[in-house]
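Asker: To be precise about what I am sending: the file is called data_22.tsv and holds TSV, C-alpha atoms and all ligand atoms.
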chain	number	residue	atom	x	y	z
P	1	MET	CA	-3.91	1.17	5.91
P	2	SER	CA	-5.83	4.02	7.32
P	3	PHE	CA	-5.60	7.57	6.07
P	4	ARG	CA	-2.31	8.55	4.54
P	5	SER	CA	-1.21	12.10	4.20
P	6	ALA	CA	-1.13	13.29	0.64
P	7	LEU	CA	2.33	14.62	1.30
P	8	PHE	CA	4.08	12.02	3.35
P	9	VAL	CA	3.50	8.35	3.53
P	10	SER	CA	4.37	5.77	6.07
P	11	LEU	CA	5.92	3.05	4.07
P	12	THR	CA	6.92	0.65	6.77
P	13	VAL	CA	5.30	-2.28	5.09
P	14	LEU	CA	6.72	-1.44	1.71
P	15	LEU	CA	10.19	-0.97	3.08
P	16	ALA	CA	10.08	-4.23	4.93
P	17	GLY	CA	9.75	-5.81	1.51
P	18	GLN	CA	6.21	-6.88	2.25
P	19	ALA	CA	4.70	-4.20	0.09
P	20	GLY	CA	1.05	-3.48	0.56
P	21	SER	CA	-1.25	-6.40	0.36
P	22	ALA	CA	-4.42	-6.33	-1.58
P	23	GLN	CA	-6.87	-4.98	0.97
P	24	PRO	CA	-4.07	-3.58	3.10
P	25	VAL	CA	-3.44	-5.16	6.47
P	26	GLY	CA	-3.08	-1.87	8.27
P	27	SER	CA	-0.28	-0.04	9.95
P	28	VAL	CA	1.17	-1.33	13.14
P	29	THR	CA	2.41	0.55	16.14
P	30	PRO	CA	5.26	-1.00	18.05
P	31	HIS	CA	4.85	-2.15	21.59
P	32	THR	CA	7.69	-2.88	23.89
P	33	PHE	CA	8.95	-6.01	25.50
P	34	SER	CA	11.31	-6.37	28.41
P	35	THR	CA	14.72	-7.40	27.23
P	36	GLU	CA	15.38	-9.52	30.30
P	37	THR	CA	16.03	-13.02	29.10
P	38	SER	CA	14.41	-14.69	32.05
P	39	LEU	CA	11.21	-12.74	31.55
P	40	LEU	CA	11.19	-13.50	27.83
P	41	GLN	CA	11.57	-17.19	28.54
P	42	PHE	CA	8.73	-16.97	31.00
P	43	VAL	CA	6.55	-15.17	28.47
P	44	SER	CA	7.47	-17.69	25.79
P	45	THR	CA	6.55	-20.72	27.89
P	46	THR	CA	3.34	-19.13	29.04
P	47	SER	CA	2.49	-18.21	25.47
P	48	ASN	CA	2.83	-21.76	24.22
P	49	VAL	CA	0.49	-23.17	26.83
P	50	GLY	CA	-1.97	-20.36	26.22
P	51	PHE	CA	-1.56	-20.74	22.47
P	52	ASP	CA	-2.48	-24.43	22.50
P	53	ARG	CA	-5.52	-23.67	24.59
P	54	TRP	CA	-6.44	-20.85	22.22
P	55	ILE	CA	-6.15	-23.16	19.19
P	56	ASP	CA	-8.59	-25.64	20.77
P	57	ALA	CA	-11.14	-22.88	21.33
P	58	PHE	CA	-10.51	-21.44	17.88
P	59	LYS	CA	-11.05	-24.81	16.21
P	60	ALA	CA	-14.53	-24.92	17.72
P	61	ARG	CA	-15.27	-21.46	16.35
P	62	ALA	CA	-13.87	-22.44	12.92
P	63	ALA	CA	-16.00	-25.57	12.87
P	64	ARG	CA	-19.08	-23.42	13.47
P	65	GLU	CA	-17.97	-21.37	10.41
P	66	GLY	CA	-18.11	-24.54	8.34
P	67	ILE	CA	-14.47	-25.64	8.39
P	68	SER	CA	-14.28	-29.44	8.42
P	69	GLN	CA	-12.41	-31.43	11.08
P	70	THR	CA	-10.17	-32.91	8.39
P	71	VAL	CA	-9.06	-29.47	7.21
P	72	LEU	CA	-8.57	-28.26	10.79
P	73	THR	CA	-6.47	-31.27	11.74
P	74	ARG	CA	-4.24	-30.97	8.66
P	75	ALA	CA	-3.93	-27.19	8.88
P	76	PHE	CA	-2.90	-27.15	12.53
P	77	SER	CA	-0.62	-30.16	12.51
P	78	GLY	CA	2.85	-29.06	13.64
P	79	ILE	CA	1.77	-25.45	14.25
P	80	ASP	CA	3.64	-23.60	17.00
P	81	TYR	CA	3.47	-20.15	18.46
P	82	ASN	CA	5.81	-18.28	16.09
P	83	GLU	CA	7.99	-15.85	18.03
P	84	SER	CA	9.54	-14.41	14.88
P	85	VAL	CA	6.14	-13.29	13.59
P	86	ILE	CA	5.47	-11.43	16.83
P	87	ALA	CA	8.98	-9.96	16.74
P	88	LYS	CA	8.38	-8.65	13.21
P	89	ASP	CA	4.99	-7.29	14.23
P	90	SER	CA	6.53	-5.59	17.28
P	91	ASN	CA	9.58	-4.18	15.55
P	92	GLN	CA	7.67	-2.36	12.87
P	93	SER	CA	8.23	1.28	13.50
P	94	GLU	CA	6.34	3.88	11.59
P	95	PHE	CA	8.67	6.22	9.83
P	96	THR	CA	8.37	8.44	6.88
P	97	LYS	CA	10.28	8.16	3.66
P	98	GLN	CA	10.24	10.90	1.10
P	99	ILE	CA	8.44	10.25	-2.16
P	100	TRP	CA	11.63	10.59	-4.22
P	101	ASP	CA	13.49	8.08	-2.05
P	102	TYR	CA	10.60	5.66	-2.41
P	103	LEU	CA	10.42	6.12	-6.19
P	104	ASP	CA	14.20	5.65	-6.50
P	105	SER	CA	13.63	2.13	-5.21
P	106	ALA	CA	10.20	1.40	-6.69
P	107	ALA	CA	11.23	2.33	-10.22
P	108	SER	CA	14.96	1.61	-9.98
P	109	PRO	CA	16.88	0.62	-13.12
P	110	THR	CA	17.17	-2.92	-11.71
P	111	ARG	CA	13.42	-3.23	-11.14
P	112	VAL	CA	12.74	-1.91	-14.64
P	113	LYS	CA	15.28	-4.28	-16.21
P	114	ASN	CA	13.99	-7.29	-14.26
P	115	GLY	CA	10.44	-6.28	-15.10
P	116	LYS	CA	11.12	-6.14	-18.83
P	117	ALA	CA	12.76	-9.57	-18.62
P	118	ALA	CA	9.80	-10.98	-16.65
P	119	MET	CA	7.36	-9.49	-19.16
P	120	ARG	CA	9.26	-11.09	-22.04
P	121	LYS	CA	9.30	-14.45	-20.27
P	122	HIS	CA	5.57	-14.33	-19.56
P	123	ALA	CA	4.53	-12.39	-22.66
P	124	LYS	CA	1.72	-14.70	-23.72
P	125	THR	CA	0.31	-14.99	-20.19
P	126	LEU	CA	0.28	-11.21	-19.81
P	127	ASP	CA	-1.27	-10.66	-23.24
P	128	ASP	CA	-4.01	-13.16	-22.43
P	129	ILE	CA	-4.67	-11.53	-19.07
P	130	GLU	CA	-4.82	-8.07	-20.62
P	131	ALA	CA	-7.32	-9.29	-23.22
P	132	ARG	CA	-9.43	-11.19	-20.68
P	133	PHE	CA	-9.66	-8.52	-17.97
P	134	GLY	CA	-9.06	-5.29	-19.87
P	135	VAL	CA	-6.29	-4.22	-17.51
P	136	ASP	CA	-3.00	-2.85	-18.85
P	137	LYS	CA	-0.43	-5.67	-18.59
P	138	HIS	CA	2.29	-3.17	-17.65
P	139	VAL	CA	0.28	-2.16	-14.59
P	140	VAL	CA	-0.23	-5.80	-13.60
P	141	ALA	CA	3.51	-6.36	-14.03
P	142	ALA	CA	4.29	-3.24	-11.98
P	143	VAL	CA	2.15	-4.47	-9.08
P	144	TRP	CA	4.00	-7.78	-9.33
P	145	GLY	CA	7.33	-5.94	-9.32
P	146	LEU	CA	6.52	-3.94	-6.20
P	147	GLU	CA	4.76	-6.71	-4.27
P	148	SER	CA	7.33	-9.48	-4.71
P	149	ALA	CA	10.09	-8.28	-7.07
P	150	TYR	CA	8.42	-10.36	-9.83
P	151	GLY	CA	8.00	-13.40	-7.63
P	152	ALA	CA	11.47	-13.35	-6.03
P	153	THR	CA	10.22	-12.42	-2.54
P	154	ARG	CA	6.85	-14.13	-2.08
P	155	GLY	CA	7.51	-14.98	1.58
P	156	ASP	CA	8.18	-18.42	3.05
P	157	ILE	CA	6.38	-18.19	6.39
P	158	PRO	CA	3.65	-20.80	6.96
P	159	ILE	CA	0.47	-18.75	6.74
P	160	ILE	CA	-1.69	-20.72	9.16
P	161	GLU	CA	1.00	-20.53	11.84
P	162	ALA	CA	1.59	-16.81	11.25
P	163	LEU	CA	-2.11	-15.91	11.31
P	164	ALA	CA	-2.85	-18.11	14.32
P	165	THR	CA	0.01	-16.49	16.22
P	166	LEU	CA	-1.18	-12.99	15.34
P	167	ALA	CA	-4.82	-13.84	16.10
P	168	TYR	CA	-3.80	-15.22	19.49
P	169	ASP	CA	-1.44	-12.34	20.23
P	170	GLY	CA	-4.47	-10.12	20.73
P	171	ARG	CA	-3.50	-6.89	19.07
P	172	ARG	CA	-5.79	-6.72	16.02
P	173	GLY	CA	-6.71	-10.26	16.96
P	174	ARG	CA	-10.15	-9.97	15.42
P	175	PHE	CA	-8.68	-8.96	12.04
P	176	PHE	CA	-6.20	-11.82	12.02
P	177	GLU	CA	-8.79	-14.37	13.17
P	178	ALA	CA	-10.95	-13.37	10.20
P	179	GLN	CA	-7.92	-13.86	7.95
P	180	LEU	CA	-7.23	-17.22	9.56
P	181	ILE	CA	-10.80	-18.40	8.91
P	182	ALA	CA	-10.46	-17.22	5.30
P	183	ALA	CA	-7.14	-19.09	4.96
P	184	LEU	CA	-8.86	-22.27	6.21
P	185	GLN	CA	-11.66	-21.74	3.70
P	186	ILE	CA	-9.02	-21.56	0.96
P	187	LEU	CA	-7.53	-24.85	2.16
P	188	GLN	CA	-10.99	-26.38	2.30
P	189	SER	CA	-11.64	-25.30	-1.30
P	190	GLY	CA	-8.59	-27.33	-2.37
P	191	ASP	CA	-6.72	-24.48	-4.07
P	192	THR	CA	-3.54	-25.33	-2.19
P	193	THR	CA	-2.15	-27.35	0.70
P	194	PRO	CA	-1.06	-26.20	4.17
P	195	ARG	CA	2.56	-26.88	3.20
P	196	ASN	CA	2.38	-24.69	0.09
P	197	MET	CA	0.41	-21.93	1.78
P	198	THR	CA	3.29	-19.62	2.63
P	199	GLY	CA	3.68	-15.88	2.53
P	200	SER	CA	4.78	-12.84	4.43
P	201	TRP	CA	4.54	-12.67	8.20
P	202	ALA	CA	1.30	-10.63	8.18
P	203	GLY	CA	-0.57	-13.01	5.89
P	204	ALA	CA	0.06	-11.61	2.40
P	205	MET	CA	0.53	-14.48	-0.01
P	206	GLY	CA	2.02	-15.22	-3.39
P	207	HIS	CA	3.39	-13.19	-6.27
P	208	THR	CA	1.08	-10.24	-5.72
P	209	GLN	CA	0.58	-10.59	-1.96
P	210	PHE	CA	-3.11	-11.24	-1.50
P	211	ILE	CA	-4.36	-11.58	2.04
P	212	PRO	CA	-6.81	-14.50	2.50
P	213	THR	CA	-10.02	-12.44	2.43
P	214	SER	CA	-8.92	-10.74	-0.80
P	215	PHE	CA	-8.08	-14.14	-2.24
P	216	LEU	CA	-11.59	-15.39	-1.47
P	217	ALA	CA	-13.18	-12.32	-3.01
P	218	PHE	CA	-11.02	-11.85	-6.10
P	219	ALA	CA	-8.63	-14.70	-6.92
P	220	VAL	CA	-9.17	-16.47	-10.22
P	221	ASP	CA	-7.85	-19.56	-11.97
P	222	GLY	CA	-5.68	-18.08	-14.72
P	223	ASP	CA	-4.36	-21.23	-16.36
P	224	GLY	CA	-7.60	-23.21	-16.21
P	225	ASP	CA	-6.33	-26.18	-14.17
P	226	GLY	CA	-9.19	-25.84	-11.69
P	227	LYS	CA	-7.10	-24.38	-8.87
P	228	ARG	CA	-6.37	-20.78	-7.96
P	229	ASP	CA	-2.70	-21.26	-7.19
P	230	ILE	CA	-1.09	-17.90	-6.45
P	231	TRP	CA	1.78	-19.56	-4.55
P	232	SER	CA	3.42	-21.62	-7.28
P	233	ASP	CA	6.51	-20.57	-9.25
P	234	ASP	CA	4.23	-20.10	-12.26
P	235	PRO	CA	2.74	-16.60	-11.76
P	236	THR	CA	-0.24	-17.08	-14.11
P	237	ASP	CA	-2.96	-17.40	-11.45
P	238	ALA	CA	-1.51	-14.61	-9.31
P	239	LEU	CA	-1.24	-12.18	-12.23
P	240	ALA	CA	-4.74	-13.04	-13.45
P	241	SER	CA	-6.01	-12.51	-9.90
P	242	THR	CA	-4.40	-9.08	-9.74
P	243	ALA	CA	-5.93	-8.13	-13.07
P	244	ALA	CA	-9.30	-9.42	-11.81
P	245	TYR	CA	-8.89	-7.36	-8.64
P	246	LEU	CA	-8.15	-4.16	-10.60
P	247	ALA	CA	-10.95	-4.90	-13.10
P	248	ARG	CA	-13.48	-5.46	-10.33
P	249	HIS	CA	-12.52	-2.12	-8.81
P	250	GLY	CA	-13.25	-0.34	-12.07
P	251	TRP	CA	-10.07	-0.24	-14.16
P	252	ASN	CA	-10.61	1.79	-17.32
P	253	LYS	CA	-8.41	0.45	-20.10
P	254	ASN	CA	-8.60	3.66	-22.09
P	255	GLN	CA	-7.10	5.74	-19.35
P	256	PRO	CA	-3.63	6.10	-17.80
P	257	TRP	CA	-3.17	6.15	-14.01
P	258	GLY	CA	-1.87	9.69	-14.36
P	259	VAL	CA	0.52	11.79	-16.37
P	260	GLU	CA	3.23	14.20	-15.33
P	261	VAL	CA	2.21	17.78	-16.08
P	262	ARG	CA	3.70	21.24	-16.11
P	263	LEU	CA	1.92	23.94	-14.12
P	264	PRO	CA	1.67	27.52	-15.35
P	265	ARG	CA	3.24	30.43	-13.52
P	266	GLY	CA	0.63	31.72	-11.08
P	267	PHE	CA	-1.05	28.31	-10.81
P	268	ASP	CA	-3.79	28.31	-8.17
P	269	TYR	CA	-2.33	25.73	-5.76
P	270	SER	CA	-5.60	25.48	-3.84
P	271	SER	CA	-7.12	23.86	-6.96
P	272	ALA	CA	-4.79	20.86	-6.51
P	273	ARG	CA	-7.23	18.86	-4.41
P	274	ARG	CA	-8.28	15.27	-4.97
P	275	GLU	CA	-11.98	16.14	-5.00
P	276	ASN	CA	-11.47	18.85	-7.63
P	277	MET	CA	-11.97	16.67	-10.71
P	278	ARG	CA	-12.02	18.49	-14.04
P	279	ALA	CA	-11.66	17.57	-17.69
P	280	PRO	CA	-8.09	17.76	-19.01
P	281	SER	CA	-9.26	20.47	-21.43
P	282	ASP	CA	-10.47	22.53	-18.43
P	283	TRP	CA	-7.06	22.12	-16.84
P	284	GLY	CA	-5.52	22.99	-20.19
P	285	SER	CA	-7.42	26.28	-20.28
P	286	THR	CA	-5.74	27.21	-16.98
P	287	GLY	CA	-2.35	26.47	-18.53
P	288	VAL	CA	-1.77	22.96	-17.15
P	289	VAL	CA	-0.13	21.00	-19.99
P	290	GLY	CA	1.70	17.73	-20.52
P	291	MET	CA	5.47	17.66	-20.45
P	292	ASN	CA	5.46	17.98	-24.26
P	293	GLY	CA	3.74	21.35	-23.89
P	294	GLN	CA	0.45	20.07	-25.36
P	295	PRO	CA	-2.84	19.83	-23.47
P	296	VAL	CA	-3.39	16.41	-21.92
P	297	PRO	CA	-5.76	14.25	-24.06
P	298	ASN	CA	-9.27	13.86	-22.75
P	299	TYR	CA	-8.90	10.58	-20.81
P	300	GLY	CA	-11.64	11.56	-18.34
P	301	ALA	CA	-12.00	13.70	-15.24
P	302	ALA	CA	-8.76	14.36	-13.42
P	303	SER	CA	-7.29	16.12	-10.43
P	304	ILE	CA	-3.83	17.55	-9.86
P	305	LEU	CA	-1.57	15.79	-7.36
P	306	LEU	CA	1.52	17.47	-5.96
P	307	PRO	CA	3.26	14.77	-3.92
P	308	ALA	CA	6.01	17.14	-2.77
P	309	GLY	CA	4.09	20.40	-2.78
P	310	ALA	CA	5.00	23.26	-5.09
P	311	GLN	CA	8.50	21.85	-5.53
P	312	GLY	CA	8.86	18.59	-7.40
P	313	ALA	CA	6.72	16.77	-9.90
P	314	ALA	CA	3.04	17.49	-10.57
P	315	PHE	CA	0.70	14.80	-11.87
P	316	MET	CA	-2.70	14.86	-13.48
P	317	ILE	CA	-4.37	11.76	-12.04
P	318	PHE	CA	-7.44	9.90	-13.27
P	319	GLU	CA	-9.97	7.43	-11.85
P	320	ASN	CA	-7.48	4.62	-12.45
P	321	PHE	CA	-5.33	6.14	-9.70
P	322	ARG	CA	-8.15	5.29	-7.29
P	323	VAL	CA	-8.27	1.75	-8.64
P	324	ILE	CA	-4.58	1.17	-7.84
P	325	GLU	CA	-5.26	2.71	-4.42
P	326	ARG	CA	-7.39	-0.36	-3.66
P	327	TYR	CA	-4.13	-2.26	-3.43
P	328	ASN	CA	-2.47	0.25	-1.14
P	329	LYS	CA	-3.68	3.73	-0.30
P	330	ALA	CA	-0.28	5.39	-0.01
P	331	ASP	CA	0.17	7.98	-2.76
P	332	ALA	CA	3.80	6.94	-3.11
P	333	TYR	CA	2.75	3.34	-3.74
P	334	VAL	CA	0.24	4.30	-6.41
P	335	ILE	CA	2.69	6.64	-8.13
P	336	GLY	CA	5.32	3.89	-7.80
P	337	VAL	CA	3.10	1.34	-9.55
P	338	GLY	CA	2.04	3.86	-12.19
P	339	HIS	CA	5.51	5.16	-12.88
P	340	LEU	CA	7.06	1.69	-12.98
P	341	SER	CA	4.36	0.63	-15.45
P	342	ASP	CA	5.21	3.63	-17.64
P	343	LEU	CA	8.90	2.73	-17.62
P	344	LEU	CA	8.12	-0.92	-18.42
P	345	LYS	CA	6.19	0.41	-21.40
P	346	GLY	CA	9.24	2.41	-22.52
P	347	GLY	CA	7.88	5.72	-21.26
P	348	ASP	CA	9.82	8.67	-19.92
P	349	PRO	CA	11.27	9.04	-16.44
P	350	ILE	CA	9.73	11.74	-14.25
P	351	GLN	CA	11.17	14.97	-15.56
P	352	ALA	CA	10.73	17.44	-12.72
P	353	SER	CA	13.39	17.42	-10.05
P	354	TRP	CA	12.41	16.68	-6.47
P	355	PRO	CA	13.40	18.86	-3.50
P	356	ARG	CA	16.00	16.33	-2.37
P	357	GLY	CA	17.72	17.19	0.86
P	358	TYR	CA	14.47	18.49	2.24
P	359	ASN	CA	14.23	18.02	5.98
P	360	PRO	CA	10.78	16.69	6.85
P	361	LEU	CA	8.82	17.54	9.97
P	362	SER	CA	8.92	14.95	12.72
P	363	PHE	CA	5.71	13.69	14.27
P	364	ASN	CA	6.15	16.10	17.17
P	365	GLU	CA	6.88	18.98	14.82
P	366	LYS	CA	3.70	18.20	12.91
P	367	LYS	CA	1.78	18.37	16.18
P	368	GLN	CA	3.53	21.61	17.06
P	369	MET	CA	2.60	23.00	13.64
P	370	GLN	CA	-1.05	22.01	14.19
P	371	ARG	CA	-1.05	23.58	17.67
P	372	ILE	CA	0.22	26.90	16.30
P	373	LEU	CA	-2.23	26.80	13.37
P	374	LYS	CA	-5.00	26.21	15.88
P	375	ARG	CA	-3.85	29.00	18.17
P	376	LYS	CA	-3.70	31.38	15.21
P	377	GLY	CA	-7.25	30.40	14.23
P	378	PHE	CA	-6.44	28.56	10.98
P	379	LEU	CA	-7.20	25.04	12.17
P	380	ASP	CA	-10.39	23.82	13.80
P	381	ASP	CA	-9.52	20.17	14.26
P	382	LYS	CA	-7.66	17.87	16.60
P	383	VAL	CA	-3.90	18.04	17.11
P	384	ASP	CA	-2.81	14.52	16.18
P	385	GLY	CA	0.30	14.87	14.02
P	386	ILE	CA	-1.59	13.48	11.03
P	387	ILE	CA	-1.63	15.86	8.09
P	388	GLY	CA	-5.08	15.37	6.59
P	389	PRO	CA	-7.17	17.63	4.35
P	390	ASN	CA	-8.10	20.00	7.20
P	391	SER	CA	-4.47	20.53	8.15
P	392	ILE	CA	-3.49	21.06	4.52
P	393	ASN	CA	-6.27	23.63	4.06
P	394	ALA	CA	-5.21	25.35	7.30
P	395	ILE	CA	-1.60	25.51	6.05
P	396	ARG	CA	-2.81	27.03	2.78
P	397	ASP	CA	-4.89	29.66	4.57
P	398	PHE	CA	-1.89	30.55	6.72
P	399	GLN	CA	0.41	30.71	3.69
P	400	ARG	CA	-2.02	33.01	1.90
P	401	SER	CA	-2.20	35.23	4.98
P	402	ILE	CA	1.56	35.83	4.84
P	403	GLY	CA	1.73	36.05	1.03
P	404	VAL	CA	3.70	32.89	0.22
P	405	THR	CA	2.82	30.15	-2.27
P	406	PRO	CA	-0.16	28.29	-0.73
P	407	ASP	CA	0.97	24.75	-1.54
P	408	GLY	CA	-0.23	23.28	1.77
P	409	TYR	CA	3.13	21.59	2.28
P	410	PRO	CA	4.20	21.06	5.92
P	411	SER	CA	7.89	21.91	5.68
P	412	GLN	CA	10.51	23.16	8.10
P	413	THR	CA	10.24	26.49	6.30
P	414	LEU	CA	6.54	26.58	7.14
P	415	LEU	CA	7.17	25.74	10.79
P	416	GLY	CA	9.73	28.54	10.92
P	417	GLN	CA	7.17	30.95	9.44
P	418	LEU	CA	4.58	29.87	11.99
P	419	ARG	CA	6.97	30.34	14.90
Q	501	CA	CA	-4.72	-22.45	-11.86
I need this file expressed as structure tokens, please.
Ligand SMILES: [Ca+2]
Answerer:
Amino acid sequence: MSFRSALFVSLTVLLAGQAGSAQPVGSVTPHTFSTETSLLQFVSTTSNVGFDRWIDAFKARAAREGISQTVLTRAFSGIDYNESVIAKDSNQSEFTKQIWDYLDSAASPTRVKNGKAAMRKHAKTLDDIEARFGVDKHVVAAVWGLESAYGATRGDIPIIEALATLAYDGRRGRFFEAQLIAALQILQSGDTTPRNMTGSWAGAMGHTQFIPTSFLAFAVDGDGDGKRDIWSDDPTDALASTAAYLARHGWNKNQPWGVEVRLPRGFDYSSARRENMRAPSDWGSTGVVGMNGQPVPNYGAASILLPAGAQGAAFMIFENFRVIERYNKADAYVIGVGHLSDLLKGGDPIQASWPRGYNPLSFNEKKQMQRILKRKGFLDDKVDGIIGPNSINAIRDFQRSIGVTPDGYPSQTLLGQLR
């Protein structure tokens, strides 16, 4: 996934139940098809002929990448152009969901209850993984809970067929062809069989939804049977692979992902920037304290994250936040994993109340906001409807200029003030 606004996140993939895959597969913009049946039939027939021709050419390319004829023959036996994969790819519409709505689902009572049950059932496995990789087992379990509801929704689409269809389809064809080659390398390594290699339509596989290239780079054999089997009902290899992935990206076992904090009256909102990393004691000297009123322990350098601006919860986040981001860059996802892990551990729910009922800016309203900020001389950047750091800083400068709290939050109130 490319850049995500710190304030809003596009959670299409998450909402579709696919969650983010390790090494995210990227956001997708819809394209349109004619709804005329006759045309669709024509397209379908044409696609199949073209698809078969494409597979022949692809096989030659795969062979040059070292994939054996035996693997190619087995992998592509019975493979058809999969219309449903293209339909899913096409129907994905980007929309925004508020952080509180996302967290309601990500850390719902059901997901917490099922997570505690799954952790009890696999207690020894998770303890072993925590000891071996030095990654908090609650965080591993939380990733599992968000990626596949603890293994319940691993995806049953044949991966070679899905990736071949997406590679042939052309849009992001290069990305999916690379994934297809990686999937064939996995088959060639003997970790699984074409029949067992299933997953979500965009290529994310198993309990914790690894895409093939991530599998090749990070998957491990957790139970020591010589195969890295992230697809089986037994989650051991998948959970070990997730721990390995987080460990390789620098997980610090002596540090939380983040903690909810209380901000002092008169807090300098412009200091709540990701790059402004300070020791918890430094934050404490400005009056930022934990929800118990005590300074946050010195876990390491931290920044302040305000996922809903001045209203709603504030978090002090540490380097481990960035490690979880390697799974999926959306702030809501990372907070979702972190918060779910806290609840699995018996920690407290988020205490601040969110500005529920808030009416977010549409894409066009965001562009309109940027245009006005630009016209008023606050923004020197392109008008693209994406609220990045420059837009947030421009909003803050504007807010300061009219004497309101400079939280950098692109609300309807702000748009009204600009107009
Ligand atoms: Ca294994």
Asker: Could you list, as a list in words, all protein and nucleic acid residues with an atom at most 6 Å from ligand CA 501 (chain Q), counting all atoms listed in the file?
Answerer: Asp221, Gly222, Asp223, Gly224, Asp225, Gly226, Lys227, Arg228, Asp229 and Asp237 of chain P
Asker: For Gly66 of chain P, which of P:Ile181, P:Arg262, P:Ile402, P:Thr153 is the closest residue, counting all atoms listed in the file?
Answerer: P:Ile181
Asker: Could you check which of P:Ala301, P:Ala107, P:Ala332, P:Ala162 is closest to Asp348 of chain P, using all atoms listed in the file?
Answerer: P:Ala107
Asker: Using all atoms listed in the file, determine which residues lie at most 12 Å from Leu184 of chain P, disregarding the query and same-chain residues fewer than 5 positions distant; provide the list as a VMD selection string.
Answerer: chain P and resid 58 to 59 62 to 63 65 to 76 159 to 161 163 to 164 177 to 179 189 to 194 197 212 to 213 215 to 216
Asker: Just give me the gap between atom CA of Ala308 of chain P and atom CA of Pro280 of chain P in Å, one decimal is fine.
Answerer: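 If I compute the distance from atom CA of Ala308 of chain P to atom CA of Pro280 of chain P, I get 21.5 Å.
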Asker: Need to verify the contact set: Arg111 of chain P, 10 Å, all atoms listed in the file, exclusion of same-chain residues closer than 4 positions in sequence. Can you return it as a compact mmCIF listing (two decimals) with C-alpha atoms, in the frame of the given file?
Answerer:
# COMPACT_ATOMS: atom_id res chain seq x y z
CA SER P 105 13.63 2.13 -5.21
CA ALA P 106 10.20 1.40 -6.69
CA ALA P 107 11.23 2.33 -10.22
CA GLY P 115 10.44 -6.28 -15.10
CA LYS P 116 11.12 -6.14 -18.83
CA ALA P 117 12.76 -9.57 -18.62
CA ALA P 142 4.29 -3.24 -11.98
CA GLY P 145 7.33 -5.94 -9.32
CA LEU P 146 6.52 -3.94 -6.20
CA ALA P 149 10.09 -8.28 -7.07
CA TYR P 150 8.42 -10.36 -9.83
CA LEU P 340 7.06 1.69 -12.98
CA LEU P 343 8.90 2.73 -17.62
CA LEU P 344 8.12 -0.92 -18.42
Asker: Expressed in Å to a single decimal, how great is the separation between atom CA of Asn252 of chain P and atom CA of Ala279 of chain P?
Answerer: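 Atom-to-atom, atom CA of Asn252 of chain P and atom CA of Ala279 of chain P are spaced 15.8 Å apart.
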Asker: I'd like the contact shell of Ser391 of chain P - 10 Å cut-off, all atoms listed in the file, skipping same-chain residues fewer than 6 positions apart - returned as number ranges by chain.
Answerer: P: 5, 366, 369-370, 373-374, 378-383, 385, 397, 408-410
Asker: Mind giving me the straight-line distance from atom CA of Val220 of chain P to atom CA of Arg61 of chain P in Å, one decimal?
Answerer: 27.7 Å
Asker: Which residue is closest to Thr236 of chain P? Choose from P:Gly151, P:Gly266, P:Pro158, P:Pro355 and count only C-alpha atoms.
Answerer: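 Smallest separation from Thr236 of chain P among the options: P:Gly151.
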Asker: If I put a ball of radius 7 Å at (-3.5, 19.1, -19.3) in the file's coordinates, which residues poke into it when counting only C-alpha atoms, written as a list in words?
Answerer: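 Here the neighbourhood of the point contains Val261, Pro280, Ser281, Trp283, Gly284, Val288, Val289, Gly290, Pro295 and Val296 of chain P.
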